[in-house]
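This is data-v8.cif (mmCIF, C-alpha atoms).
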data_my_file
loop_
_atom_site.label_atom_id
_atom_site.label_comp_id
_atom_site.auth_asym_id
_atom_site.auth_seq_id
_atom_site.Cartn_x
_atom_site.Cartn_y
_atom_site.Cartn_z
CA MET A 233 5.17 16.27 16.78
CA ARG A 234 8.84 17.20 16.87
CA GLN A 235 8.98 16.08 20.46
CA VAL A 236 7.39 12.72 19.68
CA LEU A 237 9.97 12.14 16.95
CA ASP A 238 12.79 13.11 19.30
CA ILE A 239 11.54 10.66 21.92
CA PHE A 240 11.32 7.99 19.24
CA THR A 241 14.91 8.73 18.22
CA VAL A 242 16.20 8.49 21.79
CA ALA A 243 14.29 5.25 22.39
CA ALA A 244 15.34 3.54 19.17
CA VAL A 245 18.99 4.61 19.33
CA SER A 246 19.18 3.53 22.99
CA ALA A 247 17.69 0.15 22.10
CA GLY A 248 20.22 -0.12 19.29
CA ALA A 249 23.08 0.66 21.66
CA LEU A 250 21.72 -1.97 24.05
CA PHE A 251 21.90 -4.61 21.31
CA PHE A 252 25.47 -3.61 20.53
CA LEU A 253 26.25 -4.07 24.23
CA VAL A 254 24.51 -7.44 24.30
CA GLY A 255 26.42 -8.51 21.18
CA THR A 256 29.64 -7.70 22.98
CA VAL A 257 28.50 -9.60 26.08
CA GLY A 258 27.84 -12.58 23.81
CA LEU A 259 31.24 -12.15 22.19
CA LEU A 260 32.85 -12.40 25.63
CA ARG A 261 30.64 -15.13 27.11
CA PHE A 262 30.00 -17.52 24.22
CA PRO A 263 32.36 -20.49 24.26
CA ASP A 264 33.80 -20.79 20.73
CA PRO A 265 34.43 -18.78 17.55
CA LEU A 266 31.30 -19.96 15.76
CA THR A 267 28.88 -19.10 18.55
CA ARG A 268 30.65 -15.75 18.93
CA LEU A 269 29.99 -15.09 15.24
CA HIS A 270 26.27 -15.59 15.93
CA ALA A 271 26.46 -13.03 18.72
CA LEU A 272 28.24 -10.47 16.59
CA THR A 273 26.22 -10.68 13.40
CA LYS A 274 22.75 -11.03 14.81
CA ALA A 275 22.91 -8.60 17.70
CA ASP A 276 24.98 -5.93 15.97
CA ASN A 277 22.91 -5.95 12.80
CA LEU A 278 19.76 -5.42 14.81
CA GLY A 279 21.58 -2.76 16.84
CA LEU A 280 22.65 -0.89 13.72
CA GLY A 281 19.14 -1.27 12.28
CA LEU A 282 17.61 0.32 15.37
CA VAL A 283 20.16 3.16 15.37
CA VAL A 284 19.37 3.85 11.70
CA LEU A 285 15.63 3.66 12.36
CA GLY A 286 16.01 6.09 15.22
CA LEU A 287 18.06 8.53 13.17
CA LEU A 288 15.66 8.54 10.21
CA PRO A 289 13.35 11.23 11.68
CA GLN A 290 16.40 13.44 12.27
CA ALA A 291 17.68 13.07 8.70
CA GLU A 292 17.82 16.28 6.67
CA GLY A 293 15.62 15.38 3.77
CA PHE A 294 14.71 12.26 1.88
CA LEU A 295 18.17 11.65 0.40
CA ALA A 296 19.88 11.65 3.78
CA GLY A 297 17.34 9.10 4.99
CA VAL A 298 17.91 6.85 2.01
CA LYS A 299 21.64 7.13 2.62
CA LEU A 300 21.19 5.95 6.20
CA VAL A 301 19.22 2.92 5.04
CA ALA A 302 21.89 2.23 2.40
CA VAL A 303 24.53 2.23 5.13
CA TRP A 304 22.52 -0.33 7.06
CA LEU A 305 22.02 -2.53 4.00
CA LEU A 306 25.69 -2.41 3.02
CA ALA A 307 26.76 -3.23 6.58
CA GLN A 308 24.32 -6.18 6.59
CA LEU A 309 25.65 -7.42 3.28
CA ALA A 310 29.28 -7.10 4.31
CA GLY A 311 28.63 -8.67 7.72
CA ALA A 312 26.66 -11.58 6.31
CA THR A 313 29.27 -12.31 3.65
CA VAL A 314 32.33 -12.08 5.87
CA THR A 315 30.66 -14.11 8.64
CA GLN A 316 30.22 -17.07 6.31
CA LEU A 317 33.83 -16.88 5.18
CA VAL A 318 35.08 -16.77 8.77
CA ALA A 319 32.77 -19.67 9.72
CA ARG A 320 34.03 -21.70 6.77
CA ALA A 321 37.65 -21.01 7.70
CA VAL A 322 37.04 -21.94 11.34
CA ARG A 323 35.39 -25.22 10.37
CA ARG A 324 38.20 -26.18 7.98
CA GLY A 325 40.90 -25.33 10.47
CA GLY A 326 39.27 -27.38 13.21
CA PRO A 327 38.06 -25.87 16.46
CA PRO A 328 40.76 -23.56 17.84
CA ALA A 329 41.09 -23.18 21.58
CA MET B 95 34.17 -16.16 -11.95
CA SER B 96 33.43 -16.41 -15.63
CA GLY B 97 30.75 -14.64 -17.57
CA GLY B 98 33.29 -12.76 -19.59
CA ASP B 99 31.65 -13.01 -23.00
CA GLU B 100 31.07 -9.31 -23.28
CA SER B 101 29.39 -9.47 -26.67
CA ALA B 102 26.63 -11.55 -25.09
CA TRP B 103 25.57 -8.85 -22.65
CA PRO B 104 22.23 -7.46 -23.75
CA VAL B 105 22.20 -3.67 -24.12
CA SER B 106 19.03 -3.40 -22.04
CA ALA B 107 20.60 -5.14 -19.04
CA THR B 108 23.66 -2.92 -19.30
CA VAL B 109 21.59 0.26 -19.45
CA VAL B 110 19.30 -0.78 -16.60
CA ARG B 111 22.24 -1.60 -14.33
CA ALA B 112 24.12 1.58 -15.26
CA ILE B 113 21.04 3.66 -14.40
CA GLY B 114 20.71 1.78 -11.12
CA PHE B 115 24.32 2.48 -10.17
CA LEU B 116 23.98 6.13 -11.23
CA VAL B 117 20.95 6.53 -8.98
CA PHE B 118 22.88 4.89 -6.15
CA TRP B 119 25.79 7.31 -6.71
CA LEU B 120 23.47 10.32 -6.70
CA MET B 121 21.88 8.99 -3.52
CA LEU B 122 25.21 8.69 -1.74
CA ALA B 123 27.10 11.66 -3.15
CA GLY B 124 24.31 14.07 -4.01
CA VAL B 125 23.79 15.91 -7.29
CA ASN B 126 26.93 17.89 -8.05
CA PRO B 127 28.10 18.70 -11.62
CA ALA B 128 31.75 18.80 -10.52
CA ASP B 129 31.47 15.13 -9.51
CA LEU B 130 30.34 14.07 -12.97
CA PRO B 131 33.65 12.58 -14.23
CA ALA B 132 34.14 10.57 -11.05
CA ALA B 133 30.51 9.46 -11.16
CA ALA B 134 30.80 8.32 -14.77
CA LEU B 135 33.94 6.37 -14.00
CA ALA B 136 32.42 4.73 -10.93
CA VAL B 137 29.21 3.84 -12.75
CA ALA B 138 31.13 2.32 -15.67
CA ALA B 139 33.34 0.28 -13.34
CA ALA B 140 30.41 -0.89 -11.23
CA THR B 141 28.34 -1.86 -14.27
CA TRP B 142 31.21 -3.79 -15.82
CA THR B 143 31.93 -5.61 -12.57
CA SER B 144 28.30 -6.42 -11.96
CA LEU B 145 27.83 -7.82 -15.49
CA HIS B 146 30.92 -9.97 -15.00
CA LEU B 147 30.01 -11.33 -11.59
CA LEU B 148 26.28 -11.61 -12.15
CA PRO B 149 25.60 -12.11 -15.87
CA PRO B 150 22.10 -11.10 -17.01
CA GLY B 151 19.63 -13.94 -16.72
CA THR B 152 21.11 -15.30 -13.49
CA TRP B 153 17.94 -14.40 -11.61
CA ARG B 154 14.31 -14.76 -12.44
CA LEU B 155 12.81 -12.17 -10.15
CA SER B 156 9.28 -12.29 -8.86
CA PRO B 157 8.12 -8.95 -7.43
CA VAL B 158 5.60 -10.59 -5.09
CA GLY B 159 8.12 -13.14 -3.86
CA LEU B 160 10.73 -10.43 -3.38
CA ALA B 161 8.30 -8.26 -1.44
CA ARG B 162 7.47 -11.20 0.80
CA LEU B 163 11.17 -11.84 1.41
CA VAL B 164 11.89 -8.17 2.13
CA LEU B 165 8.89 -7.74 4.45
CA ARG B 166 9.83 -10.80 6.49
CA PHE B 167 13.36 -9.60 6.95
CA PRO B 168 12.95 -6.90 9.67
CA LEU B 169 10.91 -9.22 11.88
CA GLN B 170 13.50 -11.97 11.45
CA SER B 171 16.28 -9.53 12.32
CA VAL B 172 14.47 -8.70 15.54
CA VAL B 173 13.88 -12.37 16.37
CA ALA B 174 17.55 -13.15 15.65
CA GLY B 175 18.85 -10.26 17.76
CA VAL B 176 16.53 -10.94 20.67
CA ASP B 177 17.39 -14.65 20.57
CA VAL B 178 21.12 -13.91 20.82
CA ALA B 179 20.50 -11.29 23.53
CA ARG B 180 18.45 -13.73 25.61
CA ARG B 181 21.13 -16.39 25.44
CA ALA B 182 24.01 -13.97 26.07
CA LEU B 183 22.38 -12.41 29.14
CA ASP B 184 21.06 -15.62 30.71
CA PRO B 185 23.35 -16.57 33.62
CA ARG B 186 23.06 -20.25 32.62
CA LEU B 187 24.17 -19.46 29.06
CA PRO B 188 21.60 -21.74 27.35
CA LEU B 189 23.50 -22.90 24.26
CA ARG B 190 23.49 -26.24 22.48
CA PRO B 191 25.77 -25.33 19.61
CA GLY B 192 26.49 -27.72 16.79
CA PHE B 193 26.22 -28.35 13.09
CA VAL B 194 23.08 -29.36 11.28
CA ALA B 195 23.44 -30.72 7.76
CA CYS B 196 20.71 -29.37 5.51
CA PRO B 197 20.13 -30.69 2.00
CA ALA B 198 20.68 -27.80 -0.42
CA ARG B 199 18.05 -27.69 -3.13
CA LEU B 200 19.14 -24.45 -4.78
CA PRO B 201 21.58 -24.95 -7.65
CA PRO B 202 25.22 -24.45 -6.62
CA GLY B 203 26.71 -21.10 -7.50
CA THR B 204 25.31 -17.62 -7.19
CA ALA B 205 21.83 -18.64 -6.07
CA ARG B 206 23.07 -20.88 -3.28
CA ASP B 207 25.70 -18.35 -2.18
CA ALA B 208 23.11 -15.60 -1.99
CA PHE B 209 20.80 -17.85 0.02
CA CYS B 210 23.65 -18.63 2.44
CA THR B 211 24.25 -14.92 2.87
CA LEU B 212 20.60 -14.42 3.76
CA THR B 213 20.70 -17.44 6.06
CA SER B 214 23.54 -16.01 8.10
CA LEU B 215 21.21 -13.13 9.05
CA LEU B 216 18.31 -15.39 10.01
CA PRO B 217 17.68 -16.37 13.64
CA GLY B 218 19.98 -19.05 15.01
CA THR B 219 21.63 -20.17 11.77
CA LEU B 220 25.09 -19.60 10.36
CA PRO B 221 26.16 -21.39 7.17
CA ALA B 222 29.70 -22.73 7.45
CA GLY B 223 30.32 -24.22 4.04
CA THR B 224 29.28 -27.35 2.23
CA GLY B 225 29.70 -30.94 3.42
CA GLN B 226 31.25 -33.68 1.32
CA ASP B 227 27.87 -34.93 0.13
CA GLY B 228 26.82 -31.46 -0.98
CA THR B 229 24.71 -30.64 2.05
CA LEU B 230 24.89 -27.20 3.61
CA LEU B 231 26.54 -27.26 7.01
CA ILE B 232 24.64 -24.89 9.22
CA HIS B 233 26.02 -23.93 12.60
CA CYS B 234 23.26 -23.44 15.16
CA LEU B 235 23.11 -21.98 18.62
CA ASP B 236 20.58 -24.64 19.58
CA VAL B 237 20.61 -27.92 17.67
CA GLY B 238 17.35 -28.87 19.39
CA LEU B 239 15.41 -26.39 17.25
CA PRO B 240 13.88 -27.54 13.94
CA VAL B 241 16.54 -25.78 11.90
CA ALA B 242 16.38 -27.98 8.81
CA ALA B 243 12.62 -27.49 8.45
CA GLN B 244 12.92 -23.73 8.96
CA LEU B 245 15.67 -23.53 6.37
CA ALA B 246 13.71 -25.57 3.83
CA ARG B 247 10.87 -23.06 4.18
CA GLU B 248 13.22 -20.11 3.72
CA GLU B 249 14.78 -21.82 0.72
CA ALA B 250 11.40 -22.23 -0.94
CA LEU B 251 10.54 -18.54 -0.35
CA PHE B 252 13.96 -17.52 -1.67
CA ALA B 253 13.56 -19.66 -4.78
CA ASP B 254 10.11 -18.16 -5.40
CA ALA B 255 11.52 -14.66 -5.18
CA LEU B 256 14.71 -15.00 -7.19
CA CYS B 257 14.86 -18.25 -9.14
CA GLY B 258 11.33 -18.71 -10.47
CA GLY B 259 10.61 -21.26 -7.74
CA VAL B 260 13.02 -23.82 -9.16
CA LEU B 261 14.43 -26.21 -6.58
CA GLU B 262 16.28 -29.41 -7.23
CA GLU B 263 14.49 -32.50 -6.04
CA ARG B 264 16.52 -34.73 -3.82
CA GLY B 265 16.44 -38.32 -2.72
CA GLY B 266 13.74 -39.54 -5.08
CA ASP B 267 12.28 -39.35 -8.52
CA GLY B 268 9.48 -36.88 -7.69
#
Transcribe the structure of this file into structure tokens.
Amino acid sequence: MRQVLDIFTVAAVSAGALFFLVGTVGLLRFPDPLTRLHALTKADNLGLGLVVLGLLPQAEGFLAGVKLVAVWLLAQLAGATVTQLVARAVRRGGPPA
Amino acid sequence: MSGGDESAWPVSATVVRAIGFLVFWLMLAGVNPADLPAAALAVAAATWTSLHLLPPGTWRLSPVGLARLVLRFPLQSVVAGVDVARRALDPRLPLRPGFVACPARLPPGTARDAFCTLTSLLPGTLPAGTGQDGTLLIHCLDVGLPVAAQLAREEALFADALCGGVLEERGGDG
């Protein structure tokens, strides 16, 4: 059982890291600030979600698990809020080079 | 933000929120008697702030609607992440970025802001403010997708969950 959980952790955290990598690839390849924001928010939030999911079986007790999920939720909330503000600012300022 | 009429805050709402914040503190910091003064201070500050920014009665929550919204969210996160990954890794970089104007049927203010926050986590959409005619300007990775229809569906689900299903009718008398 322990081993199954460990394999799950390795798989989920690796998948999460992959999405962080892909988000960065998008950040570098996408053509303008707004599309780059898509890359960052969507890929990184899924990446963080997978890392948290993978770490849950390793958490020491229920509280530690809840704390991990809270970290994910707070990061989502902060990311989603700031993204909109950046997008709004970019649109008002016209498309920068 | 207004909402500063402190005498109008119902005691029940204050107590419920304070308990919520206390539980959140205990969750993050653990149960430790030495922390009690700091915890009390943080809970009081958080409760006061929350009552100011989100006066009681702002939301009309529906447990079923909320559950539906919450359960959809992980799948949508996956779809959104995979969609970005596919586009970022494709050598041809298949993007058709642009703005789509979506009529906003949620009342302006907290409800619409919260919906925009949710929208920015949904696949392919990124709210970038409001147009002059009050429409939501949504930036999309692919303007060929039926973004407006998708958003209208999400808006209805959101309104069911948090606003008692109330949406403003637009462009007609119905």
**Prompt:** Just how far from atom CA of Val298 of chain A is atom CA of Leu253 of chain A, in Å to one decimal?
**Reply:**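 Separation of atom CA of Leu253 of chain A and atom CA of Val298 of chain A: 26.1 Å.
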**Request:** Enumerate, as a PyMOL selection string, the residues matched when the PyMOL selection byres ((chain A and resi 285) around 12) is run on the file above.
**Result:** (chain A and resi 237+240-248+278-284+286-291+297-304) or (chain B and resi 168)
**Item:** Asp207 of chain B surroundings by all atoms listed in the file, 12 Å radius, close-in-sequence under 4 positions cut, as a ChimeraX atom specification
**Value:** /A:312-313,316-317 /B:198,200-203,211-214,221-224,230,249,252
Please build the interface table for chain B against chain A with a cut-off of 7 Å, listing for each qualifying residue the nearest atom pair and the distance in Å to one decimal; count only C-alpha atoms, order rows by chain and increasing number, and write it as a tab-separated table.
residue	atom	partner	partner_atom	distance
B:Met121	CA	A:Leu295	CA	6.0
B:Leu122	CA	A:Lys299	CA	5.8
B:Ser171	CA	A:Leu278	CA	5.9
B:Val172	CA	A:Leu278	CA	6.3
B:Ala174	CA	A:Lys274	CA	5.7
B:Gly175	CA	A:Ala275	CA	4.4
B:Val178	CA	A:Ala271	CA	5.8
B:Ala179	CA	A:Val254	CA	5.6
B:Ala182	CA	A:Gly258	CA	4.7
B:Thr211	CA	A:Ala312	CA	5.4
B:Ser214	CA	A:Ala312	CA	5.7
B:Leu215	CA	A:Ala312	CA	6.3
B:Leu220	CA	A:His270	CA	7.0
B:Pro221	CA	A:Gln316	CA	6.0
B:Ala222	CA	A:Arg320	CA	4.5
B:Gly223	CA	A:Arg320	CA	5.3
B:Leu235	CA	A:Thr267	CA	6.4
**Asked** Just how far from atom CA of Arg190 of chain B is atom CA of Ala249 of chain A, in Å to one decimal?
**Response**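 Interatomic distance here is 26.9 Å.
We find atom CA of Pro265 of chain A and atom CA of Gly228 of chain B to be spaced 23.7 Å apart.
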**Item:** Pro150 of chain B surroundings by only C-alpha atoms, 8 Å radius, close-in-sequence under 6 positions cut, as a PyMOL selection string
**Value:** chain B and resi 103-104+107
Just the residues within 12 Å of segment 123-128 of chain B, please, counting only C-alpha atoms, with nothing from its chain fewer than 3 positions along; format it as a CSV table (one decimal) with C-alpha atoms, in the frame of the given file.
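Now in part-v2.csv:
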chain,number,residue,atom,x,y,z
A,293,GLY,CA,15.6,15.4,3.8
A,294,PHE,CA,14.7,12.3,1.9
A,295,LEU,CA,18.2,11.6,0.4
A,296,ALA,CA,19.9,11.6,3.8
A,298,VAL,CA,17.9,6.8,2.0
A,299,LYS,CA,21.6,7.1,2.6
B,115,PHE,CA,24.3,2.5,-10.2
B,116,LEU,CA,24.0,6.1,-11.2
B,117,VAL,CA,21.0,6.5,-9.0
B,118,PHE,CA,22.9,4.9,-6.2
B,119,TRP,CA,25.8,7.3,-6.7
B,120,LEU,CA,23.5,10.3,-6.7
B,131,PRO,CA,33.6,12.6,-14.2
B,132,ALA,CA,34.1,10.6,-11.0
B,133,ALA,CA,30.5,9.5,-11.2
B,134,ALA,CA,30.8,8.3,-14.8
B,136,ALA,CA,32.4,4.7,-10.9
Could you rebuild segment 246-277 of chain A with N, CA and C atoms and give me the result as a PDB file, in the coordinates of the input?
ATOM      1  N   SER A 246      18.783   4.186  21.746  1.00  0.00           N
ATOM      2  CA  SER A 246      19.180   3.530  22.990  1.00  0.00           C
ATOM      3  C   SER A 246      19.013   2.018  22.871  1.00  0.00           C
ATOM      4  N   ALA A 247      17.898   1.594  22.291  1.00  0.00           N
ATOM      5  CA  ALA A 247      17.690   0.150  22.100  1.00  0.00           C
ATOM      6  C   ALA A 247      18.788  -0.418  21.214  1.00  0.00           C
ATOM      7  N   GLY A 248      19.152   0.329  20.177  1.00  0.00           N
ATOM      8  CA  GLY A 248      20.220  -0.120  19.290  1.00  0.00           C
ATOM      9  C   GLY A 248      21.532  -0.275  20.051  1.00  0.00           C
ATOM     10  N   ALA A 249      21.844   0.718  20.879  1.00  0.00           N
ATOM     11  CA  ALA A 249      23.080   0.660  21.660  1.00  0.00           C
ATOM     12  C   ALA A 249      23.048  -0.549  22.599  1.00  0.00           C
ATOM     13  N   LEU A 250      21.855  -0.823  23.149  1.00  0.00           N
ATOM     14  CA  LEU A 250      21.720  -1.970  24.050  1.00  0.00           C
ATOM     15  C   LEU A 250      22.056  -3.271  23.316  1.00  0.00           C
ATOM     16  N   PHE A 251      21.593  -3.380  22.056  1.00  0.00           N
ATOM     17  CA  PHE A 251      21.900  -4.610  21.310  1.00  0.00           C
ATOM     18  C   PHE A 251      23.382  -4.719  20.980  1.00  0.00           C
ATOM     19  N   PHE A 252      24.026  -3.565  20.724  1.00  0.00           N
ATOM     20  CA  PHE A 252      25.470  -3.610  20.530  1.00  0.00           C
ATOM     21  C   PHE A 252      26.154  -4.122  21.797  1.00  0.00           C
ATOM     22  N   LEU A 253      25.681  -3.628  22.945  1.00  0.00           N
ATOM     23  CA  LEU A 253      26.250  -4.070  24.230  1.00  0.00           C
ATOM     24  C   LEU A 253      26.047  -5.566  24.415  1.00  0.00           C
ATOM     25  N   VAL A 254      24.813  -6.021  24.127  1.00  0.00           N
ATOM     26  CA  VAL A 254      24.510  -7.440  24.300  1.00  0.00           C
ATOM     27  C   VAL A 254      25.359  -8.294  23.352  1.00  0.00           C
ATOM     28  N   GLY A 255      25.567  -7.792  22.126  1.00  0.00           N
ATOM     29  CA  GLY A 255      26.420  -8.510  21.180  1.00  0.00           C
ATOM     30  C   GLY A 255      27.821  -8.676  21.739  1.00  0.00           C
ATOM     31  N   THR A 256      28.300  -7.631  22.387  1.00  0.00           N
ATOM     32  CA  THR A 256      29.640  -7.700  22.980  1.00  0.00           C
ATOM     33  C   THR A 256      29.662  -8.651  24.166  1.00  0.00           C
ATOM     34  N   VAL A 257      28.587  -8.641  24.967  1.00  0.00           N
ATOM     35  CA  VAL A 257      28.500  -9.600  26.080  1.00  0.00           C
ATOM     36  C   VAL A 257      28.559 -11.024  25.527  1.00  0.00           C
ATOM     37  N   GLY A 258      27.814 -11.261  24.436  1.00  0.00           N
ATOM     38  CA  GLY A 258      27.840 -12.580  23.810  1.00  0.00           C
ATOM     39  C   GLY A 258      29.234 -12.932  23.305  1.00  0.00           C
ATOM     40  N   LEU A 259      29.883 -11.939  22.709  1.00  0.00           N
ATOM     41  CA  LEU A 259      31.240 -12.150  22.190  1.00  0.00           C
ATOM     42  C   LEU A 259      32.168 -12.601  23.317  1.00  0.00           C
ATOM     43  N   LEU A 260      31.980 -12.052  24.496  1.00  0.00           N
ATOM     44  CA  LEU A 260      32.850 -12.400  25.630  1.00  0.00           C
ATOM     45  C   LEU A 260      32.428 -13.709  26.291  1.00  0.00           C
ATOM     46  N   ARG A 261      31.111 -13.976  26.325  1.00  0.00           N
ATOM     47  CA  ARG A 261      30.640 -15.130  27.110  1.00  0.00           C
ATOM     48  C   ARG A 261      30.522 -16.410  26.300  1.00  0.00           C
ATOM     49  N   PHE A 262      30.211 -16.309  25.014  1.00  0.00           N
ATOM     50  CA  PHE A 262      30.000 -17.520  24.220  1.00  0.00           C
ATOM     51  C   PHE A 262      31.302 -18.304  24.115  1.00  0.00           C
ATOM     52  N   PRO A 263      31.185 -19.641  24.039  1.00  0.00           N
ATOM     53  CA  PRO A 263      32.360 -20.490  24.260  1.00  0.00           C
ATOM     54  C   PRO A 263      33.321 -20.656  23.081  1.00  0.00           C
ATOM     55  N   ASP A 264      32.878 -20.513  21.836  1.00  0.00           N
ATOM     56  CA  ASP A 264      33.800 -20.790  20.730  1.00  0.00           C
ATOM     57  C   ASP A 264      33.580 -19.801  19.595  1.00  0.00           C
ATOM     58  N   PRO A 265      34.505 -19.783  18.620  1.00  0.00           N
ATOM     59  CA  PRO A 265      34.430 -18.780  17.550  1.00  0.00           C
ATOM     60  C   PRO A 265      33.101 -18.761  16.807  1.00  0.00           C
ATOM     61  N   LEU A 266      32.527 -19.938  16.554  1.00  0.00           N
ATOM     62  CA  LEU A 266      31.300 -19.960  15.760  1.00  0.00           C
ATOM     63  C   LEU A 266      30.117 -19.358  16.510  1.00  0.00           C
ATOM     64  N   THR A 267      29.990 -19.706  17.795  1.00  0.00           N
ATOM     65  CA  THR A 267      28.880 -19.100  18.550  1.00  0.00           C
ATOM     66  C   THR A 267      29.110 -17.598  18.709  1.00  0.00           C
ATOM     67  N   ARG A 268      30.370 -17.186  18.828  1.00  0.00           N
ATOM     68  CA  ARG A 268      30.650 -15.750  18.930  1.00  0.00           C
ATOM     69  C   ARG A 268      30.246 -15.012  17.660  1.00  0.00           C
ATOM     70  N   LEU A 269      30.417 -15.700  16.507  1.00  0.00           N
ATOM     71  CA  LEU A 269      29.990 -15.090  15.240  1.00  0.00           C
ATOM     72  C   LEU A 269      28.482 -14.832  15.248  1.00  0.00           C
ATOM     73  N   HIS A 270      27.719 -15.789  15.794  1.00  0.00           N
ATOM     74  CA  HIS A 270      26.270 -15.590  15.930  1.00  0.00           C
ATOM     75  C   HIS A 270      26.007 -14.301  16.707  1.00  0.00           C
ATOM     76  N   ALA A 271      26.697 -14.185  17.852  1.00  0.00           N
ATOM     77  CA  ALA A 271      26.460 -13.030  18.720  1.00  0.00           C
ATOM     78  C   ALA A 271      26.733 -11.733  17.971  1.00  0.00           C
ATOM     79  N   LEU A 272      27.862 -11.689  17.284  1.00  0.00           N
ATOM     80  CA  LEU A 272      28.240 -10.470  16.590  1.00  0.00           C
ATOM     81  C   LEU A 272      27.259 -10.100  15.490  1.00  0.00           C
ATOM     82  N   THR A 273      27.027 -11.047  14.561  1.00  0.00           N
ATOM     83  CA  THR A 273      26.220 -10.680  13.400  1.00  0.00           C
ATOM     84  C   THR A 273      24.794 -10.345  13.787  1.00  0.00           C
ATOM     85  N   LYS A 274      24.178 -11.221  14.548  1.00  0.00           N
ATOM     86  CA  LYS A 274      22.750 -11.030  14.810  1.00  0.00           C
ATOM     87  C   LYS A 274      22.479  -9.799  15.673  1.00  0.00           C
ATOM     88  N   ALA A 275      23.207  -9.688  16.785  1.00  0.00           N
ATOM     89  CA  ALA A 275      22.910  -8.600  17.700  1.00  0.00           C
ATOM     90  C   ALA A 275      23.342  -7.243  17.108  1.00  0.00           C
ATOM     91  N   ASP A 276      24.501  -7.213  16.476  1.00  0.00           N
ATOM     92  CA  ASP A 276      24.980  -5.930  15.970  1.00  0.00           C
ATOM     93  C   ASP A 276      24.173  -5.452  14.763  1.00  0.00           C
ATOM     94  N   ASN A 277      23.733  -6.386  13.924  1.00  0.00           N
ATOM     95  CA  ASN A 277      22.910  -5.950  12.800  1.00  0.00           C
ATOM     96  C   ASN A 277      21.591  -5.363  13.265  1.00  0.00           C
TER      97      ASN A 277
END
